[in-house]
>>> print(open('run.cif').read())   # mmCIF, C-alpha atoms and all ligand atoms
data_coords
#
loop_
_atom_site.label_atom_id
_atom_site.label_comp_id
_atom_site.auth_asym_id
_atom_site.auth_seq_id
_atom_site.Cartn_x
_atom_site.Cartn_y
_atom_site.Cartn_z
CA MET A 13 19.17 -8.32 -19.39
CA GLU A 14 15.96 -9.47 -17.77
CA ARG A 15 13.58 -12.31 -18.43
CA LEU A 16 10.61 -11.23 -20.46
CA GLN A 17 8.01 -12.45 -17.94
CA LYS A 18 9.76 -10.49 -15.19
CA VAL A 19 9.66 -7.30 -17.24
CA ILE A 20 5.92 -7.75 -17.82
CA ALA A 21 5.26 -8.50 -14.16
CA HIS A 22 7.30 -5.45 -13.08
CA ALA A 23 5.14 -3.23 -15.22
CA GLY A 24 2.22 -4.37 -13.06
CA ILE A 25 0.32 -5.89 -15.97
CA ALA A 26 0.19 -9.42 -14.62
CA SER A 27 1.74 -11.78 -12.11
CA ARG A 28 4.76 -13.68 -13.37
CA ARG A 29 2.66 -16.78 -13.95
CA LYS A 30 0.03 -14.86 -15.87
CA ALA A 31 2.82 -13.16 -17.86
CA GLU A 32 4.07 -16.60 -18.89
CA GLU A 33 0.60 -17.49 -20.09
CA LEU A 34 0.37 -14.26 -22.09
CA ILE A 35 3.69 -15.10 -23.76
CA GLN A 36 2.64 -18.67 -24.58
CA GLU A 37 -0.67 -17.43 -25.96
CA GLY A 38 1.25 -15.25 -28.43
CA LYS A 39 0.06 -11.96 -26.93
CA VAL A 40 3.53 -10.53 -26.37
CA LYS A 41 5.76 -8.87 -28.95
CA VAL A 42 9.39 -7.89 -28.64
CA ASN A 43 10.50 -5.27 -31.15
CA GLY A 44 7.40 -5.96 -33.20
CA LYS A 45 7.75 -9.77 -33.34
CA VAL A 46 5.57 -12.24 -31.45
CA VAL A 47 7.63 -14.21 -28.92
CA LYS A 48 6.25 -17.46 -27.55
CA GLU A 49 9.26 -18.93 -25.74
CA LEU A 50 9.57 -18.34 -22.04
CA GLY A 51 13.35 -18.29 -21.76
CA ILE A 52 14.13 -15.11 -23.63
CA LYS A 53 15.78 -12.11 -22.06
CA VAL A 54 15.38 -8.49 -23.06
CA THR A 55 17.50 -5.39 -22.65
CA PRO A 56 16.17 -1.97 -21.55
CA SER A 57 16.22 -0.80 -25.17
CA ASP A 58 13.99 -3.65 -26.44
CA ARG A 59 10.41 -2.61 -27.12
CA VAL A 60 7.93 -4.90 -25.36
CA GLU A 61 4.22 -4.91 -26.23
CA VAL A 62 1.48 -6.81 -24.43
CA GLU A 63 -1.75 -7.19 -26.37
CA GLY A 64 -0.69 -4.33 -28.62
CA ILE A 65 0.22 -1.90 -25.84
CA GLN A 66 3.82 -0.93 -25.30
CA ILE A 67 4.91 -1.23 -21.69
CA GLU A 68 6.80 1.46 -19.86
CA ARG A 69 10.18 0.34 -18.63
CA GLU A 70 11.69 2.44 -15.93
CA GLU A 71 14.16 1.68 -13.19
CA PRO A 72 12.11 0.69 -10.15
CA VAL A 73 12.01 3.34 -7.43
CA TYR A 74 10.52 3.13 -3.93
CA PHE A 75 9.62 5.91 -1.50
CA VAL A 76 8.13 6.33 1.95
CA PHE A 77 6.00 9.43 2.21
CA TYR A 78 4.49 11.04 5.30
CA LYS A 79 1.11 11.92 3.84
CA PRO A 80 -0.38 14.99 5.51
CA ARG A 81 -4.13 15.19 6.16
CA GLY A 82 -6.11 16.79 3.36
CA VAL A 83 -4.29 15.06 0.48
CA ILE A 84 -5.75 12.43 -1.88
CA SER A 85 -3.92 9.07 -2.21
CA SER A 86 -4.02 9.16 -5.98
CA VAL A 87 -2.10 10.45 -8.96
CA ASN A 88 -4.82 12.91 -10.01
CA ASP A 89 -8.13 14.26 -8.77
CA GLU A 90 -10.96 15.47 -10.96
CA LYS A 91 -11.84 18.15 -8.42
CA GLY A 92 -8.30 19.52 -8.49
CA ARG A 93 -7.51 18.73 -4.86
CA ARG A 94 -3.95 18.10 -3.75
CA VAL A 95 -2.74 14.55 -4.53
CA VAL A 96 0.23 12.64 -3.14
CA THR A 97 2.19 12.75 -6.39
CA ASP A 98 2.18 16.58 -6.22
CA TYR A 99 4.96 16.07 -3.67
CA PHE A 100 7.05 14.08 -6.16
CA GLU A 101 7.36 16.52 -9.01
CA PHE A 102 11.15 16.27 -8.79
CA ILE A 103 11.22 12.65 -10.00
CA LYS A 104 10.71 11.56 -13.59
CA GLU A 105 9.37 8.04 -12.90
CA ARG A 106 5.63 7.52 -12.93
CA ILE A 107 4.94 6.36 -9.41
CA TYR A 108 1.69 5.60 -7.63
CA PRO A 109 0.69 4.78 -4.06
CA VAL A 110 0.60 1.22 -2.72
CA GLY A 111 -2.94 1.18 -1.35
CA ARG A 112 -4.64 4.26 0.05
CA LEU A 113 -5.03 6.41 3.06
CA ASP A 114 -8.24 8.44 3.37
CA TYR A 115 -8.18 12.15 2.60
CA ASP A 116 -8.26 12.92 6.35
CA THR A 117 -5.79 10.22 7.38
CA SER A 118 -2.13 11.11 7.76
CA GLY A 119 0.93 8.91 7.93
CA LEU A 120 3.03 6.38 6.13
CA LEU A 121 2.32 5.78 2.47
CA LEU A 122 4.53 3.79 0.15
CA LEU A 123 4.91 4.90 -3.48
CA THR A 124 6.59 3.04 -6.31
CA ASN A 125 6.55 2.37 -10.05
CA ASP A 126 7.12 -1.36 -9.44
CA GLY A 127 3.73 -2.89 -10.17
CA GLU A 128 4.71 -6.40 -9.19
CA PHE A 129 5.95 -5.22 -5.80
CA ALA A 130 2.78 -3.17 -5.24
CA ASN A 131 0.54 -6.10 -6.21
CA GLU A 132 2.37 -8.46 -3.85
CA LEU A 133 1.95 -6.07 -0.94
CA MET A 134 -1.67 -5.24 -1.68
CA HIS A 135 -2.71 -8.86 -2.17
CA PRO A 136 -5.25 -9.71 0.55
CA ARG A 137 -3.23 -12.75 1.53
CA SER A 138 0.00 -10.78 1.98
CA GLY A 139 -1.21 -9.87 5.48
CA VAL A 140 1.29 -7.06 5.94
CA GLU A 141 0.79 -5.45 9.37
CA LYS A 142 -0.32 -1.84 9.43
CA VAL A 143 -0.18 0.07 12.67
CA TYR A 144 -2.46 3.06 13.19
CA VAL A 145 -2.84 5.55 16.00
CA VAL A 146 -6.44 6.57 16.49
CA LYS A 147 -8.01 9.40 18.43
CA THR A 148 -11.54 8.44 19.37
CA LYS A 149 -14.54 10.35 20.54
CA GLY A 150 -15.37 8.85 23.91
CA ILE A 151 -13.37 6.19 25.70
CA PRO A 152 -13.96 2.60 24.57
CA SER A 153 -14.09 0.01 27.33
CA ARG A 154 -11.61 -2.84 27.43
CA GLU A 155 -14.43 -5.19 26.44
CA LYS A 156 -15.17 -3.11 23.33
CA LEU A 157 -11.51 -3.15 22.30
CA LYS A 158 -11.48 -6.93 22.77
CA GLU A 159 -14.29 -7.12 20.23
CA LEU A 160 -11.99 -5.45 17.72
CA ASP A 161 -9.16 -7.82 18.64
CA ARG A 162 -11.36 -10.84 18.01
CA GLY A 163 -12.78 -9.49 14.75
CA ILE A 164 -15.97 -7.56 14.30
CA ARG A 165 -18.80 -7.85 11.82
CA LEU A 166 -18.83 -5.04 9.25
CA GLU A 167 -21.11 -4.76 6.25
CA ASP A 168 -18.43 -6.41 4.07
CA GLY A 169 -17.81 -9.29 6.47
CA LYS A 170 -16.04 -10.03 9.71
CA THR A 171 -12.63 -8.46 10.16
CA ALA A 172 -9.54 -10.59 10.83
CA PRO A 173 -8.10 -10.49 14.36
CA ALA A 174 -6.52 -7.14 15.27
CA ARG A 175 -4.40 -5.90 18.17
CA THR A 176 -5.43 -2.84 20.14
CA LYS A 177 -3.60 -0.98 22.87
CA MET A 178 -4.94 1.94 24.88
CA LEU A 179 -2.17 4.56 24.84
CA SER A 180 -3.88 7.33 26.79
CA MET A 181 -7.29 8.62 27.76
CA ASP A 182 -8.58 12.07 28.58
CA LYS A 183 -11.66 11.88 30.77
CA LYS A 184 -12.20 15.66 30.74
CA LYS A 185 -12.18 15.86 26.95
CA ASP A 186 -13.86 12.45 26.70
CA SER A 187 -11.40 11.07 24.16
CA SER A 188 -8.68 8.47 23.93
CA ILE A 189 -5.63 7.56 21.91
CA ILE A 190 -5.45 3.93 20.82
CA GLU A 191 -2.97 1.96 18.76
CA ILE A 192 -4.45 -0.64 16.45
CA THR A 193 -2.65 -3.19 14.29
CA ILE A 194 -4.48 -4.79 11.38
CA ARG A 195 -3.42 -7.03 8.51
CA GLU A 196 -6.20 -6.23 6.08
CA GLY A 197 -6.68 -3.08 4.05
CA ARG A 198 -10.37 -2.61 3.38
CA ASN A 199 -11.82 0.73 2.53
CA ARG A 200 -12.04 2.99 5.63
CA GLN A 201 -11.48 -0.09 7.73
CA VAL A 202 -10.19 1.42 10.97
CA ARG A 203 -12.86 4.12 10.99
CA ARG A 204 -15.58 1.54 10.37
CA MET A 205 -14.24 -0.81 13.06
CA PHE A 206 -14.41 1.92 15.68
CA GLU A 207 -17.83 3.05 14.48
CA ALA A 208 -18.97 -0.55 14.94
CA ILE A 209 -18.15 -0.32 18.66
CA GLY A 210 -19.82 3.08 18.91
CA HIS A 211 -16.81 5.39 18.78
CA GLN A 212 -16.15 7.90 16.07
CA VAL A 213 -12.55 8.31 14.89
CA VAL A 214 -11.61 11.98 15.05
CA LYS A 215 -7.97 11.57 14.00
CA LEU A 216 -6.16 8.76 12.25
CA LYS A 217 -2.49 8.28 11.46
CA ARG A 218 -0.61 5.30 10.04
CA GLU A 219 2.62 4.80 11.93
CA ARG A 220 3.93 1.58 10.46
CA TYR A 221 3.61 -0.49 7.30
CA GLY A 222 5.20 -3.93 7.61
CA THR A 223 8.84 -3.40 8.48
CA LEU A 224 8.74 0.35 7.72
CA ASN A 225 8.01 3.21 10.06
CA LEU A 226 8.00 6.94 9.66
CA GLY A 227 11.30 7.44 11.47
CA GLY A 228 12.04 11.12 11.66
CA LEU A 229 9.84 12.17 8.71
CA LYS A 230 7.51 15.13 9.09
CA PRO A 231 4.22 15.60 7.21
CA GLY A 232 4.95 16.14 3.51
CA GLU A 233 8.46 14.66 3.69
CA ILE A 234 9.83 11.80 1.58
CA ARG A 235 12.52 9.21 1.98
CA GLU A 236 13.79 6.72 -0.57
CA LEU A 237 13.84 3.09 0.57
CA THR A 238 17.14 1.27 0.72
CA PRO A 239 17.47 -1.93 -1.37
CA HIS A 240 17.50 -3.83 1.92
CA GLU A 241 14.17 -2.32 2.98
CA VAL A 242 12.63 -3.26 -0.37
CA LYS A 243 13.85 -6.83 0.07
CA GLN A 244 12.47 -7.02 3.62
CA LEU A 245 9.04 -5.88 2.48
CA ARG A 246 9.00 -8.27 -0.45
CA THR A 247 9.94 -11.19 1.81
CA LEU A 248 7.19 -10.21 4.22
CA ALA A 249 4.56 -10.11 1.49
CA MET A 250 5.65 -13.41 -0.08
CA LYS A 251 5.57 -15.26 3.24
CA HIS A 252 1.81 -15.21 3.30
CA GLN A 253 1.14 -16.20 -0.31
N1 LIG B 301 -8.42 2.79 7.85
C1 LIG B 301 -9.19 3.88 7.64
O1 LIG B 301 -10.32 3.95 8.12
N2 LIG B 301 -8.68 4.89 6.92
C2 LIG B 301 -7.44 4.89 6.41
O2 LIG B 301 -7.03 5.85 5.77
C3 LIG B 301 -6.65 3.75 6.63
C4 LIG B 301 -7.17 2.71 7.34
#
>>> encode(input="run.cif", output="structure tokens")
Amino acid sequence: MERLQKVIAHAGIASRRKAEELIQEGKVKVNGKVVKELGIKVTPSDRVEVEGIQIEREEPVYFVFYKPRGVISSVNDEKGRRVVTDYFEFIKERIYPVGRLDYDTSGLLLLTNDGEFANELMHPRSGVEKVYVVKTKGIPSREKLKELDRGIRLEDGKTAPARTKMLSMDKKKDSSIIEITIREGRNRQVRRMFEAIGHQVVKLKRERYGTLNLGGLKPGEIRELTPHEVKQLRTLAMKHQ
């Protein structure tokens, strides 16, 4: 038995508070009847509708996936390119990625069917740390990297402070490998940050997402999160809200 507002929030339709409002406004039906009280609990076999649409109720599942390059972070692609959920055909739940990695970016991607969990993590204020390893064209100076650490002006505003670390440089090939930690998740953010200091990103991989890292996964491999890992991530996201 679960509280009705929790079931609605889990389906990713609304936050728990918004779900309570929907209930009080008479927009929620259980087994065909409008329910306006907040206290009620429902079983998995109860049919819940929000504004006339029945919500899917599945057991929540959580996976870490090592996304290879050349795969879209989506559940389908109109051009028929490979998408991340192609790797999950063995599971029956309808999962989707928490945020995105670019087509050419590899690395850690979280997938779940728990909408509330995904919304908490993706909320701009959640501030979950993401660690990327970047291969750049050219070798940025220490001063340039400091600009990224302080925050740099992009067309959609100044970025929040980041942490950069030069891991290695190859003077002959004129390239370097840099680790960067950011807390935001804007579109193509890492690529745009490096472009802003005059260095193109030629390879990009996400190594860590909050408390999770890739461990021993290889590109295309999947691991299910433990309940403890789910709790750790949720705590992390809630801390900043
Ligand atoms: N930043 C980017 O530029 N691309 C990604 O895929 C992730 C972060």
>>> closest_residue(input="run.cif", among="A:Ile209, A:Val42, A:Leu120, A:Leu34", to="ligand LIG 301 (chain B)", atoms="only C-alpha atoms and all ligand atoms")
A:Leu120
>>> residues_around(input="run.cif", residues="Ile65 in chain A", least_positions_apart="6", cutoff="12 Å", atoms="all atoms listed in the file", output="count of residues only")
9
>>> closest_atom_pairs(input="run.cif", of="chain A", to="ligand LIG 301 (chain B)", cutoff="8 Å", atoms="only C-alpha atoms and all ligand atoms", output="Markdown table")
| residue | atom | partner | partner_atom | distance |
| --- | --- | --- | --- | --- |
| A:Arg112 | CA | B:LIG301 | O2 | 6.4 |
| A:Leu113 | CA | B:LIG301 | O2 | 3.4 |
| A:Asp114 | CA | B:LIG301 | O2 | 3.7 |
| A:Tyr115 | CA | B:LIG301 | O2 | 7.1 |
| A:Asp116 | CA | B:LIG301 | O2 | 7.2 |
| A:Thr117 | CA | B:LIG301 | O2 | 4.8 |
| A:Ser118 | CA | B:LIG301 | O2 | 7.5 |
| A:Tyr144 | CA | B:LIG301 | C4 | 7.5 |
| A:Gly197 | CA | B:LIG301 | C4 | 6.7 |
| A:Arg198 | CA | B:LIG301 | N1 | 7.3 |
| A:Asn199 | CA | B:LIG301 | C1 | 6.6 |
| A:Arg200 | CA | B:LIG301 | O1 | 3.2 |
| A:Gln201 | CA | B:LIG301 | N1 | 4.2 |
| A:Val202 | CA | B:LIG301 | O1 | 3.8 |
| A:Arg203 | CA | B:LIG301 | O1 | 3.8 |
| A:Arg204 | CA | B:LIG301 | O1 | 6.2 |
| A:Met205 | CA | B:LIG301 | O1 | 7.9 |
| A:Leu216 | CA | B:LIG301 | N2 | 7.1 |
| A:Lys217 | CA | B:LIG301 | O2 | 7.7 |
| A:Arg218 | CA | B:LIG301 | C3 | 7.1 |
>>> residues_around(input="run.cif", residues="Lys170 in chain A", least_positions_apart="3", cutoff="12 Å", atoms="only C-alpha atoms", output="list in words")
Glu159, Leu160, Asp161, Arg162, Gly163, Ile164, Arg165, Leu166, Glu167, Pro173, Ala174, Glu196, Arg198, Gln201, Arg204, Met205 and Ala208 of chain A
>>> closest_residue(input="run.cif", among="A:Ile103, A:Val214, A:Ile194, A:Leu121", to="Ser85 in chain A", atoms="only C-alpha atoms")
A:Leu121
>>> atom_distance(input="run.cif", atom1="CA of Ala130 in chain A", atom2="CA of Thr247 in chain A")
12.9 Å
>>> atom_distance(input="run.cif", atom1="CA of Asn131 in chain A", atom2="CA of Arg29 in chain A")
13.4 Å
>>> atom_distance(input="run.cif", atom1="CA of Gln66 in chain A", atom2="CA of Thr124 in chain A")
19.6 Å
>>> closest_residue(input="run.cif", among="A:Pro80, A:Ser57, A:Glu32, A:Ile67", to="Glu233 in chain A", atoms="all atoms listed in the file")
A:Pro80
>>> residues_around(input="run.cif", residues="Tyr221 in chain A", least_positions_apart="4", cutoff="10 Å", atoms="all atoms listed in the file", output="ChimeraX atom specification")
/A:76,119-122,140-144,193,195,225-226,245
>>> residues_around(input="run.cif", residues="range 176-185 of chain A", least_positions_apart="2", cutoff="9 Å", atoms="all atoms listed in the file", output="ChimeraX atom specification")
/A:145,149-151,154,157-158,160-161,174,187-193
>>> closest_residue(input="run.cif", among="A:Gly51, A:Leu123, A:Asn43, A:Ile35", to="Tyr99 in chain A", atoms="all atoms listed in the file")
A:Leu123
>>> closest_residue(input="run.cif", among="A:Glu90, A:His22, A:Leu229, A:Met250", to="Pro136 in chain A", atoms="all atoms listed in the file")
A:Met250
>>> build_atoms(input="run.cif", residues="range 220-231 of chain A", atoms="all heavy atoms", output="PDB file, in the frame of the given file")
ATOM      1  N   ARG A 220       3.037   2.626  10.948  1.00  0.00           N
ATOM      2  CA  ARG A 220       3.930   1.580  10.460  1.00  0.00           C
ATOM      3  C   ARG A 220       3.268   0.806   9.339  1.00  0.00           C
ATOM      4  O   ARG A 220       2.046   0.631   9.334  1.00  0.00           O
ATOM      5  CB  ARG A 220       4.291   0.642  11.617  1.00  0.00           C
ATOM      6  CG  ARG A 220       5.256  -0.463  11.258  1.00  0.00           C
ATOM      7  CD  ARG A 220       5.979  -1.022  12.469  1.00  0.00           C
ATOM      8  NE  ARG A 220       5.174  -1.865  13.329  1.00  0.00           N
ATOM      9  CZ  ARG A 220       4.812  -3.110  13.045  1.00  0.00           C
ATOM     10  NH1 ARG A 220       5.151  -3.672  11.893  1.00  0.00           N
ATOM     11  NH2 ARG A 220       4.096  -3.805  13.901  1.00  0.00           N
ATOM     12  N   TYR A 221       4.086   0.369   8.396  1.00  0.00           N
ATOM     13  CA  TYR A 221       3.610  -0.490   7.300  1.00  0.00           C
ATOM     14  C   TYR A 221       4.625  -1.615   7.178  1.00  0.00           C
ATOM     15  O   TYR A 221       5.753  -1.383   6.724  1.00  0.00           O
ATOM     16  CB  TYR A 221       3.530   0.323   6.012  1.00  0.00           C
ATOM     17  CG  TYR A 221       2.931  -0.437   4.853  1.00  0.00           C
ATOM     18  CD1 TYR A 221       1.568  -0.386   4.603  1.00  0.00           C
ATOM     19  CD2 TYR A 221       3.728  -1.216   4.023  1.00  0.00           C
ATOM     20  CE1 TYR A 221       1.010  -1.095   3.554  1.00  0.00           C
ATOM     21  CE2 TYR A 221       3.173  -1.920   2.971  1.00  0.00           C
ATOM     22  CZ  TYR A 221       1.822  -1.854   2.744  1.00  0.00           C
ATOM     23  OH  TYR A 221       1.263  -2.559   1.702  1.00  0.00           O
ATOM     24  N   GLY A 222       4.250  -2.801   7.633  1.00  0.00           N
ATOM     25  CA  GLY A 222       5.200  -3.930   7.610  1.00  0.00           C
ATOM     26  C   GLY A 222       6.431  -3.592   8.428  1.00  0.00           C
ATOM     27  O   GLY A 222       6.327  -3.243   9.602  1.00  0.00           O
ATOM     28  N   THR A 223       7.587  -3.665   7.786  1.00  0.00           N
ATOM     29  CA  THR A 223       8.840  -3.400   8.480  1.00  0.00           C
ATOM     30  C   THR A 223       9.210  -1.910   8.483  1.00  0.00           C
ATOM     31  O   THR A 223      10.229  -1.527   9.039  1.00  0.00           O
ATOM     32  CB  THR A 223       9.982  -4.188   7.793  1.00  0.00           C
ATOM     33  OG1 THR A 223       9.788  -4.086   6.376  1.00  0.00           O
ATOM     34  CG2 THR A 223       9.964  -5.639   8.192  1.00  0.00           C
ATOM     35  N   LEU A 224       8.387  -1.074   7.851  1.00  0.00           N
ATOM     36  CA  LEU A 224       8.740   0.350   7.720  1.00  0.00           C
ATOM     37  C   LEU A 224       8.032   1.214   8.739  1.00  0.00           C
ATOM     38  O   LEU A 224       6.839   1.022   8.989  1.00  0.00           O
ATOM     39  CB  LEU A 224       8.305   0.877   6.360  1.00  0.00           C
ATOM     40  CG  LEU A 224       8.979   0.344   5.123  1.00  0.00           C
ATOM     41  CD1 LEU A 224       8.315   0.993   3.917  1.00  0.00           C
ATOM     42  CD2 LEU A 224      10.464   0.666   5.137  1.00  0.00           C
ATOM     43  N   ASN A 225       8.741   2.184   9.301  1.00  0.00           N
ATOM     44  CA  ASN A 225       8.010   3.210  10.060  1.00  0.00           C
ATOM     45  C   ASN A 225       8.441   4.593   9.599  1.00  0.00           C
ATOM     46  O   ASN A 225       9.305   4.734   8.742  1.00  0.00           O
ATOM     47  CB  ASN A 225       8.127   3.005  11.565  1.00  0.00           C
ATOM     48  CG  ASN A 225       9.537   2.806  11.993  1.00  0.00           C
ATOM     49  OD1 ASN A 225      10.390   3.577  11.585  1.00  0.00           O
ATOM     50  ND2 ASN A 225       9.800   1.763  12.761  1.00  0.00           N
ATOM     51  N   LEU A 226       7.786   5.583  10.165  1.00  0.00           N
ATOM     52  CA  LEU A 226       8.000   6.940   9.660  1.00  0.00           C
ATOM     53  C   LEU A 226       9.363   7.507  10.032  1.00  0.00           C
ATOM     54  O   LEU A 226       9.832   8.467   9.421  1.00  0.00           O
ATOM     55  CB  LEU A 226       6.898   7.871  10.193  1.00  0.00           C
ATOM     56  CG  LEU A 226       5.559   7.766   9.480  1.00  0.00           C
ATOM     57  CD1 LEU A 226       4.489   8.509  10.259  1.00  0.00           C
ATOM     58  CD2 LEU A 226       5.654   8.320   8.057  1.00  0.00           C
ATOM     59  N   GLY A 227      10.003   6.914  11.036  1.00  0.00           N
ATOM     60  CA  GLY A 227      11.300   7.440  11.470  1.00  0.00           C
ATOM     61  C   GLY A 227      11.169   8.903  11.816  1.00  0.00           C
ATOM     62  O   GLY A 227      10.223   9.305  12.474  1.00  0.00           O
ATOM     63  N   GLY A 228      12.078   9.700  11.310  1.00  0.00           N
ATOM     64  CA  GLY A 228      12.040  11.120  11.660  1.00  0.00           C
ATOM     65  C   GLY A 228      11.276  11.994  10.659  1.00  0.00           C
ATOM     66  O   GLY A 228      11.371  13.213  10.712  1.00  0.00           O
ATOM     67  N   LEU A 229      10.525  11.363   9.744  1.00  0.00           N
ATOM     68  CA  LEU A 229       9.840  12.170   8.710  1.00  0.00           C
ATOM     69  C   LEU A 229       8.776  13.066   9.328  1.00  0.00           C
ATOM     70  O   LEU A 229       8.119  12.701  10.295  1.00  0.00           O
ATOM     71  CB  LEU A 229       9.174  11.267   7.677  1.00  0.00           C
ATOM     72  CG  LEU A 229      10.037  10.498   6.684  1.00  0.00           C
ATOM     73  CD1 LEU A 229       9.150   9.755   5.695  1.00  0.00           C
ATOM     74  CD2 LEU A 229      10.985  11.418   5.933  1.00  0.00           C
ATOM     75  N   LYS A 230       8.594  14.218   8.697  1.00  0.00           N
ATOM     76  CA  LYS A 230       7.510  15.130   9.090  1.00  0.00           C
ATOM     77  C   LYS A 230       6.464  15.131   7.965  1.00  0.00           C
ATOM     78  O   LYS A 230       6.774  14.730   6.840  1.00  0.00           O
ATOM     79  CB  LYS A 230       8.074  16.547   9.260  1.00  0.00           C
ATOM     80  CG  LYS A 230       9.104  16.652  10.360  1.00  0.00           C
ATOM     81  CD  LYS A 230       9.383  18.122  10.684  1.00  0.00           C
ATOM     82  CE  LYS A 230      10.400  18.240  11.799  1.00  0.00           C
ATOM     83  NZ  LYS A 230      11.750  17.786  11.360  1.00  0.00           N
ATOM     84  N   PRO A 231       5.240  15.609   8.258  1.00  0.00           N
ATOM     85  CA  PRO A 231       4.220  15.600   7.210  1.00  0.00           C
ATOM     86  C   PRO A 231       4.730  16.267   5.930  1.00  0.00           C
ATOM     87  O   PRO A 231       5.338  17.341   5.979  1.00  0.00           O
ATOM     88  CB  PRO A 231       3.069  16.394   7.827  1.00  0.00           C
ATOM     89  CG  PRO A 231       3.252  16.209   9.299  1.00  0.00           C
ATOM     90  CD  PRO A 231       4.732  16.153   9.533  1.00  0.00           C
TER      91      PRO A 231
END
